[in-house]
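See below for target-v9.cif, which holds mmCIF, C-alpha atoms.
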data_input
loop_
_atom_site.label_atom_id
_atom_site.label_comp_id
_atom_site.auth_asym_id
_atom_site.auth_seq_id
_atom_site.Cartn_x
_atom_site.Cartn_y
_atom_site.Cartn_z
CA MET A 97 11.50 -11.80 -4.41
CA ARG A 98 7.77 -12.38 -4.05
CA ILE A 99 5.95 -9.09 -3.55
CA MET A 100 2.44 -8.60 -2.20
CA PHE A 101 0.68 -5.24 -2.33
CA VAL A 102 -1.60 -4.74 0.69
CA GLY A 103 -3.89 -1.75 0.86
CA ASP A 104 -7.23 -0.02 0.76
CA SER A 105 -9.01 1.89 -2.01
CA MET A 106 -5.83 3.81 -2.89
CA THR A 107 -4.14 0.50 -3.71
CA ILE A 108 -6.88 -1.59 -5.29
CA GLY A 109 -7.81 1.27 -7.62
CA SER A 110 -11.00 1.81 -9.55
CA ALA A 111 -12.04 0.71 -13.04
CA GLY A 112 -9.96 2.58 -15.59
CA ASP A 113 -7.07 3.34 -13.21
CA TYR A 114 -3.50 2.35 -13.89
CA THR A 115 -2.86 2.03 -10.09
CA TRP A 116 0.40 2.59 -8.27
CA ARG A 117 0.82 -1.18 -8.35
CA TYR A 118 1.16 -0.89 -12.12
CA ARG A 119 3.68 1.93 -11.74
CA MET A 120 5.73 -0.24 -9.36
CA TRP A 121 5.61 -3.14 -11.81
CA GLN A 122 6.96 -0.84 -14.52
CA HIS A 123 9.70 0.38 -12.18
CA LEU A 124 10.80 -3.13 -11.22
CA ASN A 125 10.87 -4.24 -14.83
CA ALA A 126 13.10 -1.30 -15.67
CA SER A 127 15.52 -1.37 -12.73
CA TYR A 128 15.47 -4.69 -10.86
CA GLY A 129 17.94 -7.23 -12.16
CA GLY A 130 16.77 -10.25 -10.21
CA PRO A 131 13.75 -12.49 -10.57
CA TYR A 132 10.57 -11.41 -8.85
CA LYS A 133 6.90 -12.27 -8.79
CA ILE A 134 3.85 -10.29 -7.70
CA VAL A 135 1.53 -12.45 -5.59
CA GLY A 136 -1.80 -12.14 -3.84
CA PRO A 137 -5.27 -13.66 -3.74
CA ARG A 138 -7.03 -10.88 -5.69
CA THR A 139 -6.62 -9.24 -9.09
CA GLU A 140 -9.70 -7.05 -9.54
CA LEU A 141 -10.19 -3.31 -9.45
CA TYR A 142 -13.16 -1.74 -7.71
CA ASP A 143 -16.16 -1.34 -10.02
CA PRO A 144 -18.13 1.81 -9.07
CA SER A 145 -21.16 0.74 -11.11
CA ALA A 146 -21.50 -2.42 -9.02
CA ASP A 147 -20.10 -0.94 -5.80
CA ALA A 148 -17.88 -3.99 -5.54
CA PRO A 149 -14.59 -5.38 -6.82
CA GLY A 150 -14.93 -7.15 -10.13
CA SER A 151 -13.43 -4.98 -12.86
CA LEU A 152 -10.28 -5.91 -14.76
CA ALA A 153 -10.38 -2.72 -16.85
CA TYR A 154 -6.90 -1.46 -15.99
CA GLY A 155 -5.72 1.75 -17.61
CA ASP A 156 -3.16 -0.22 -19.62
CA PRO A 157 -4.80 -3.28 -21.22
CA GLY A 158 -1.29 -4.68 -21.60
CA PHE A 159 -0.86 -4.98 -17.82
CA PRO A 160 -0.42 -8.76 -17.58
CA ALA A 161 -2.69 -10.82 -15.37
CA ARG A 162 0.31 -12.30 -13.58
CA ALA A 163 1.26 -8.83 -12.31
CA GLN A 164 -2.22 -7.75 -11.20
CA ALA A 165 -2.21 -9.79 -7.98
CA HIS A 166 -2.77 -8.00 -4.68
CA LEU A 167 -4.48 -8.06 -1.29
CA ALA A 168 -6.32 -4.75 -1.36
CA GLY A 169 -9.92 -3.72 -0.96
CA TRP A 170 -12.15 -0.68 -1.25
CA GLY A 171 -13.16 0.23 2.29
CA GLU A 172 -10.79 -2.29 3.89
CA GLY A 173 -8.07 -1.46 6.41
CA TRP A 174 -5.81 -3.01 9.02
CA LEU A 175 -8.94 -4.29 10.77
CA HIS A 176 -9.93 -6.31 7.71
CA MET A 177 -6.50 -7.39 6.51
CA ALA A 178 -5.15 -8.68 9.84
CA PRO A 179 -7.31 -11.85 9.69
CA LEU A 180 -6.45 -12.42 5.99
CA ILE A 181 -2.72 -11.79 5.77
CA GLY A 182 -1.52 -15.09 7.20
CA ASP A 183 -3.30 -17.24 4.63
CA ALA A 184 -2.38 -14.80 1.85
CA VAL A 185 1.33 -14.87 2.71
CA ARG A 186 1.26 -18.62 3.04
CA ALA A 187 -0.55 -19.23 -0.24
CA GLY A 188 1.53 -16.74 -2.21
CA LYS A 189 4.81 -17.52 -0.45
CA ALA A 190 5.20 -13.77 -0.11
CA ASP A 191 8.46 -12.48 1.33
CA THR A 192 8.02 -8.73 0.73
CA LEU A 193 4.90 -6.76 1.71
CA LEU A 194 4.23 -3.24 0.47
CA ILE A 195 1.51 -1.89 2.77
CA SER A 196 -0.64 1.24 2.56
CA LEU A 197 -3.41 1.07 5.16
CA GLY A 198 -4.96 3.09 7.96
CA LEU A 199 -7.01 5.93 6.51
CA ILE A 200 -10.21 3.89 6.26
CA ASP A 201 -9.69 2.44 9.76
CA LEU A 202 -9.42 5.88 11.32
CA GLY A 203 -12.25 7.26 9.25
CA PHE A 204 -14.85 4.60 10.01
CA TYR A 205 -13.79 1.77 12.31
CA THR A 206 -11.09 2.32 14.94
CA ASP A 207 -9.18 5.06 16.71
CA ALA A 208 -5.41 5.44 16.47
CA GLU A 209 -4.60 3.11 19.37
CA GLN A 210 -7.00 0.40 18.18
CA THR A 211 -5.64 0.68 14.65
CA ALA A 212 -2.10 0.27 15.97
CA GLU A 213 -3.20 -2.89 17.77
CA ASN A 214 -4.38 -4.25 14.44
CA VAL A 215 -0.98 -3.45 12.94
CA HIS A 216 0.55 -5.69 15.60
CA ARG A 217 -2.00 -8.43 14.85
CA PHE A 218 -1.30 -8.15 11.13
CA LEU A 219 2.48 -8.39 11.50
CA ALA A 220 2.24 -11.31 13.92
CA ALA A 221 0.06 -13.24 11.48
CA ALA A 222 2.32 -12.45 8.54
CA ARG A 223 5.36 -13.65 10.48
CA GLU A 224 3.60 -16.79 11.61
CA ALA A 225 3.12 -17.61 7.93
CA ASN A 226 6.68 -16.59 6.99
CA PRO A 227 9.08 -15.77 9.85
CA ARG A 228 11.41 -14.03 7.39
CA VAL A 229 8.85 -11.79 5.74
CA ARG A 230 9.85 -8.15 5.34
CA ALA A 231 7.58 -5.16 4.91
CA VAL A 232 7.51 -1.52 3.87
CA LEU A 233 4.76 0.45 5.62
CA LEU A 234 3.49 3.81 4.40
CA PRO A 235 2.20 6.35 6.92
CA VAL A 236 -1.37 7.56 6.51
CA ILE A 237 -1.52 10.39 3.98
CA HIS A 238 -3.83 13.25 4.85
CA ASN A 239 -6.85 13.49 2.57
CA VAL A 240 -9.46 16.19 2.11
CA ARG A 241 -11.30 15.13 5.26
CA ALA A 242 -8.17 15.65 7.33
CA LEU A 243 -7.90 19.17 5.96
CA ASN A 244 -11.42 20.01 7.15
CA ASP A 245 -11.77 17.85 10.28
CA PRO A 246 -9.09 18.67 12.89
CA PRO A 247 -9.95 15.76 15.25
CA PHE A 248 -9.61 13.31 12.35
CA ALA A 249 -6.32 14.90 11.32
CA ALA A 250 -5.10 14.51 14.91
CA GLN A 251 -6.02 10.82 14.85
CA CYS A 252 -4.04 10.40 11.62
CA GLU A 253 -1.01 12.04 13.19
CA ARG A 254 -1.32 9.96 16.35
CA PHE A 255 -1.58 6.76 14.35
CA ASN A 256 1.49 7.67 12.30
CA GLU A 257 3.42 8.13 15.55
CA LEU A 258 2.29 4.70 16.73
CA LEU A 259 3.09 3.15 13.36
CA ALA A 260 6.63 4.54 13.48
CA LYS A 261 7.01 3.16 17.01
CA ALA A 262 5.79 -0.28 15.92
CA VAL A 263 8.22 -0.37 13.00
CA ALA A 264 11.12 0.61 15.27
CA GLU A 265 10.22 -1.89 17.99
CA LEU A 266 9.13 -4.86 15.91
CA GLY A 267 11.67 -4.82 13.10
CA SER A 268 14.41 -7.43 13.27
CA ALA A 269 17.35 -8.64 11.23
CA SER A 270 15.43 -11.71 10.14
CA SER A 271 12.15 -9.87 9.45
CA PRO A 272 12.97 -6.22 8.71
CA LEU A 273 10.38 -3.45 8.66
CA LEU A 274 10.71 -0.13 6.87
CA LEU A 275 8.69 3.00 7.43
CA ALA A 276 8.47 4.70 4.05
CA SER A 277 8.62 8.46 3.85
CA PRO A 278 5.35 10.14 2.84
CA PRO A 279 5.21 10.68 -0.93
CA GLU A 280 7.44 13.63 -1.71
CA GLY A 281 5.53 16.80 -2.46
CA TRP A 282 2.11 15.18 -2.11
CA ASP A 283 -0.65 17.65 -2.98
CA ILE A 284 -4.25 16.49 -2.86
CA ASP A 285 -5.30 18.97 -5.54
CA ARG A 286 -2.65 17.81 -7.97
CA ASP A 287 -2.16 14.16 -6.97
CA THR A 288 -5.74 12.96 -6.41
CA TYR A 289 -8.94 13.08 -8.41
CA ASP A 290 -11.27 13.46 -5.44
CA GLY A 291 -9.18 14.55 -2.48
CA THR A 292 -8.22 10.98 -1.53
CA HIS A 293 -7.62 8.60 -4.44
CA PRO A 294 -4.52 9.01 -6.60
CA ASN A 295 -4.62 10.17 -10.18
CA ALA A 296 -1.75 9.31 -12.53
CA GLU A 297 0.60 11.78 -10.84
CA GLY A 298 -0.33 10.44 -7.42
CA GLU A 299 0.20 6.85 -8.54
CA HIS A 300 3.77 7.70 -9.48
CA ARG A 301 4.37 9.42 -6.15
CA LEU A 302 3.04 6.45 -4.18
CA ALA A 303 5.15 3.99 -6.16
CA ALA A 304 8.18 6.22 -5.66
CA ALA A 305 7.71 6.25 -1.88
CA PHE A 306 7.92 2.46 -1.76
CA ALA A 307 10.57 2.10 -4.44
CA ASP A 308 12.91 4.62 -2.85
CA ALA A 309 12.52 3.04 0.60
CA MET A 310 13.46 -0.39 -0.74
CA HIS A 311 16.35 0.98 -2.75
CA GLN A 312 17.82 3.02 0.09
CA ALA A 313 17.45 0.41 2.85
CA TRP A 314 17.71 -2.90 1.02
CA ASP A 315 19.39 -2.00 -2.28
CA VAL A 316 16.40 -3.40 -4.18
CA ALA A 317 16.19 -2.11 -7.74
CA GLY A 318 17.03 1.53 -8.40
CA PRO A 319 15.60 4.80 -7.18
CA TYR A 320 12.34 5.82 -8.77
CA GLY A 321 13.84 7.87 -11.55
CA PRO A 322 12.39 10.53 -13.82
CA VAL A 323 9.26 9.33 -15.55
CA VAL A 324 6.87 10.58 -18.13
CA ARG A 325 3.81 11.49 -16.09
CA GLY A 326 0.41 10.24 -17.18
#

Represent the structure from my file as structure tokens, please.
Amino acid sequence: MRIMFVGDSMTIGSAGDYTWRYRMWQHLNASYGGPYKIVGPRTELYDPSADAPGSLAYGDPGFPARAQAHLAGWGEGWLHMAPLIGDAVRAGKADTLLISLGLIDLGFYTDAEQTAENVHRFLAAAREANPRVRAVLLPVIHNVRALNDPPFAAQCERFNELLAKAVAELGSASSPLLLASPPEGWDIDRDTYDGTHPNAEGEHRLAAAFADAMHQAWDVAGPYGPVVRG
């Protein structure tokens, strides 16, 4: 199994974060019996002082470089990743994509329908690179803006409907797609540090959403069991 994390600021993380990618790495090490590799063209965290990726200051300095790989970016969404995913899948020989995208698209670049079109572009490019690639897609999670901006919240809901439709229509036996459930019990006051980006508790909840989807549908590893938070 060759896993690639694809996401926006919630996935790349910021200097000092553990990231949910790290939590997933821990989970796989603990419960997956087969060989796997984490692949992707990037390794850095976002560095707020430089307003750019470039930090390798992960919360756990023992997080090995080989597991830091990803295709995620601060301020990047489906719009930005669709042109990149083909080359990234091809270079990393990725066969499993864990994708958390859409909030930044809807907030700054595209409406729900346009964002859904970019989902289709993304999946087509990924499958052109690997016709047997499989993917788990996370719906957009409401952030603090969605709580205070009803039209934006409506766009998030509309996109999630279109994402679910795309997963149902485009999934196949040779290239399966999973729509993950939203993180159980997600609470922006408890699970984020700024109303959007996950803190340690939120990182665990994001990792659990992906881990439980893969376990239930594909029997990959175990369920995301009880963990020591922090």

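Shortest atom-to-atom contact with Glu213 of chain A among A:Lys261, A:His293, A:Arg98, A:Lys133: A:Lys261, counting all atoms listed in the file.
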
**Prompt:** Near Ala303 of chain A, counting all atoms listed in the file, which residues have an atom at most 9 Å away, once you skip same-chain residues fewer than 6 positions from it, shown as a ChimeraX atom specification?
**Reply:** /A:116-120,123,279,320

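Distances here use only C-alpha atoms; by that measure, the residue among A:Leu197, A:Ala264, A:Ile99, A:Ala126 closest to Ala165 of chain A is A:Ile99.
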
**Message:** Could you list, as a PyMOL selection string, every residue matched by the PyMOL selection byres ((chain A and resi 310) around 12) in this structure?
**Reply:** chain A and resi 99+120+124+128+192-194+230-234+272-277+303-309+311-320

**Close residues, Asp113 of chain A itself excluded, 9 Å, only C-alpha atoms, min 6 positions apart in chain, as a VMD selection string** = chain A and resid 141 153 to 156 295 to 296

Write out the residues from the selection above, keeping C-alpha atoms, as a PDB file, in the frame of the given file.
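Result saved to part_39.pdb:
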ATOM      1  CA  LEU A 141     -10.190  -3.310  -9.450  1.00  0.00           C
ATOM      2  CA  ALA A 153     -10.380  -2.720 -16.850  1.00  0.00           C
ATOM      3  CA  TYR A 154      -6.900  -1.460 -15.990  1.00  0.00           C
ATOM      4  CA  GLY A 155      -5.720   1.750 -17.610  1.00  0.00           C
ATOM      5  CA  ASP A 156      -3.160  -0.220 -19.620  1.00  0.00           C
ATOM      6  CA  ASN A 295      -4.620  10.170 -10.180  1.00  0.00           C
ATOM      7  CA  ALA A 296      -1.750   9.310 -12.530  1.00  0.00           C
TER       8      ALA A 296
END

**Message:** Within 9 Å of (-1.3, -8.7, 10.1) (file coordinates; all atoms listed in the file), which protein or nucleic acid residues are there? I'd like them as an MDAnalysis selection string.
**Reply:** chainID A and resid 174:175 177:182 214:223

**Message:** Neighbouring residues of Ala249 of chain A were defined as those with any atom within 9 Å, considering only C-alpha atoms; residues of the same chain fewer than 6 positions away were excluded. Please report them as a PyMOL selection string.
**Reply:** chain A and resi 238-239+241-243

Tyr289 of chain A environment, 12 Å, all atoms listed in the file, sequence neighbours closer than 2 positions dropped, as a PDB file with C-alpha atoms, in the coordinates of the input:
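After the write, around14.pdb holds the following:
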ATOM      1  CA  MET A 106      -5.830   3.810  -2.890  1.00  0.00           C
ATOM      2  CA  GLY A 109      -7.810   1.270  -7.620  1.00  0.00           C
ATOM      3  CA  SER A 110     -11.000   1.810  -9.550  1.00  0.00           C
ATOM      4  CA  ASP A 113      -7.070   3.340 -13.210  1.00  0.00           C
ATOM      5  CA  ASN A 239      -6.850  13.490   2.570  1.00  0.00           C
ATOM      6  CA  VAL A 240      -9.460  16.190   2.110  1.00  0.00           C
ATOM      7  CA  ASP A 283      -0.650  17.650  -2.980  1.00  0.00           C
ATOM      8  CA  ILE A 284      -4.250  16.490  -2.860  1.00  0.00           C
ATOM      9  CA  ASP A 285      -5.300  18.970  -5.540  1.00  0.00           C
ATOM     10  CA  ARG A 286      -2.650  17.810  -7.970  1.00  0.00           C
ATOM     11  CA  ASP A 287      -2.160  14.160  -6.970  1.00  0.00           C
ATOM     12  CA  GLY A 291      -9.180  14.550  -2.480  1.00  0.00           C
ATOM     13  CA  THR A 292      -8.220  10.980  -1.530  1.00  0.00           C
ATOM     14  CA  HIS A 293      -7.620   8.600  -4.440  1.00  0.00           C
ATOM     15  CA  PRO A 294      -4.520   9.010  -6.600  1.00  0.00           C
ATOM     16  CA  ASN A 295      -4.620  10.170 -10.180  1.00  0.00           C
ATOM     17  CA  ALA A 296      -1.750   9.310 -12.530  1.00  0.00           C
ATOM     18  CA  GLU A 297       0.600  11.780 -10.840  1.00  0.00           C
ATOM     19  CA  GLY A 298      -0.330  10.440  -7.420  1.00  0.00           C
ATOM     20  CA  GLU A 299       0.200   6.850  -8.540  1.00  0.00           C
TER      21      GLU A 299
END

**Asked** Applied to this file, what does the PyMOL selection byres ((chain A and resi 203) around 10) return in terms of residues, put as a list in words?
**Response** Gly171, Gly198, Leu199, Ile200, Asp201, Leu202, Phe204, Tyr205, Thr206, Asp207, Arg241, Ala242, Phe248, Ala249, Gln251 and Cys252 of chain A
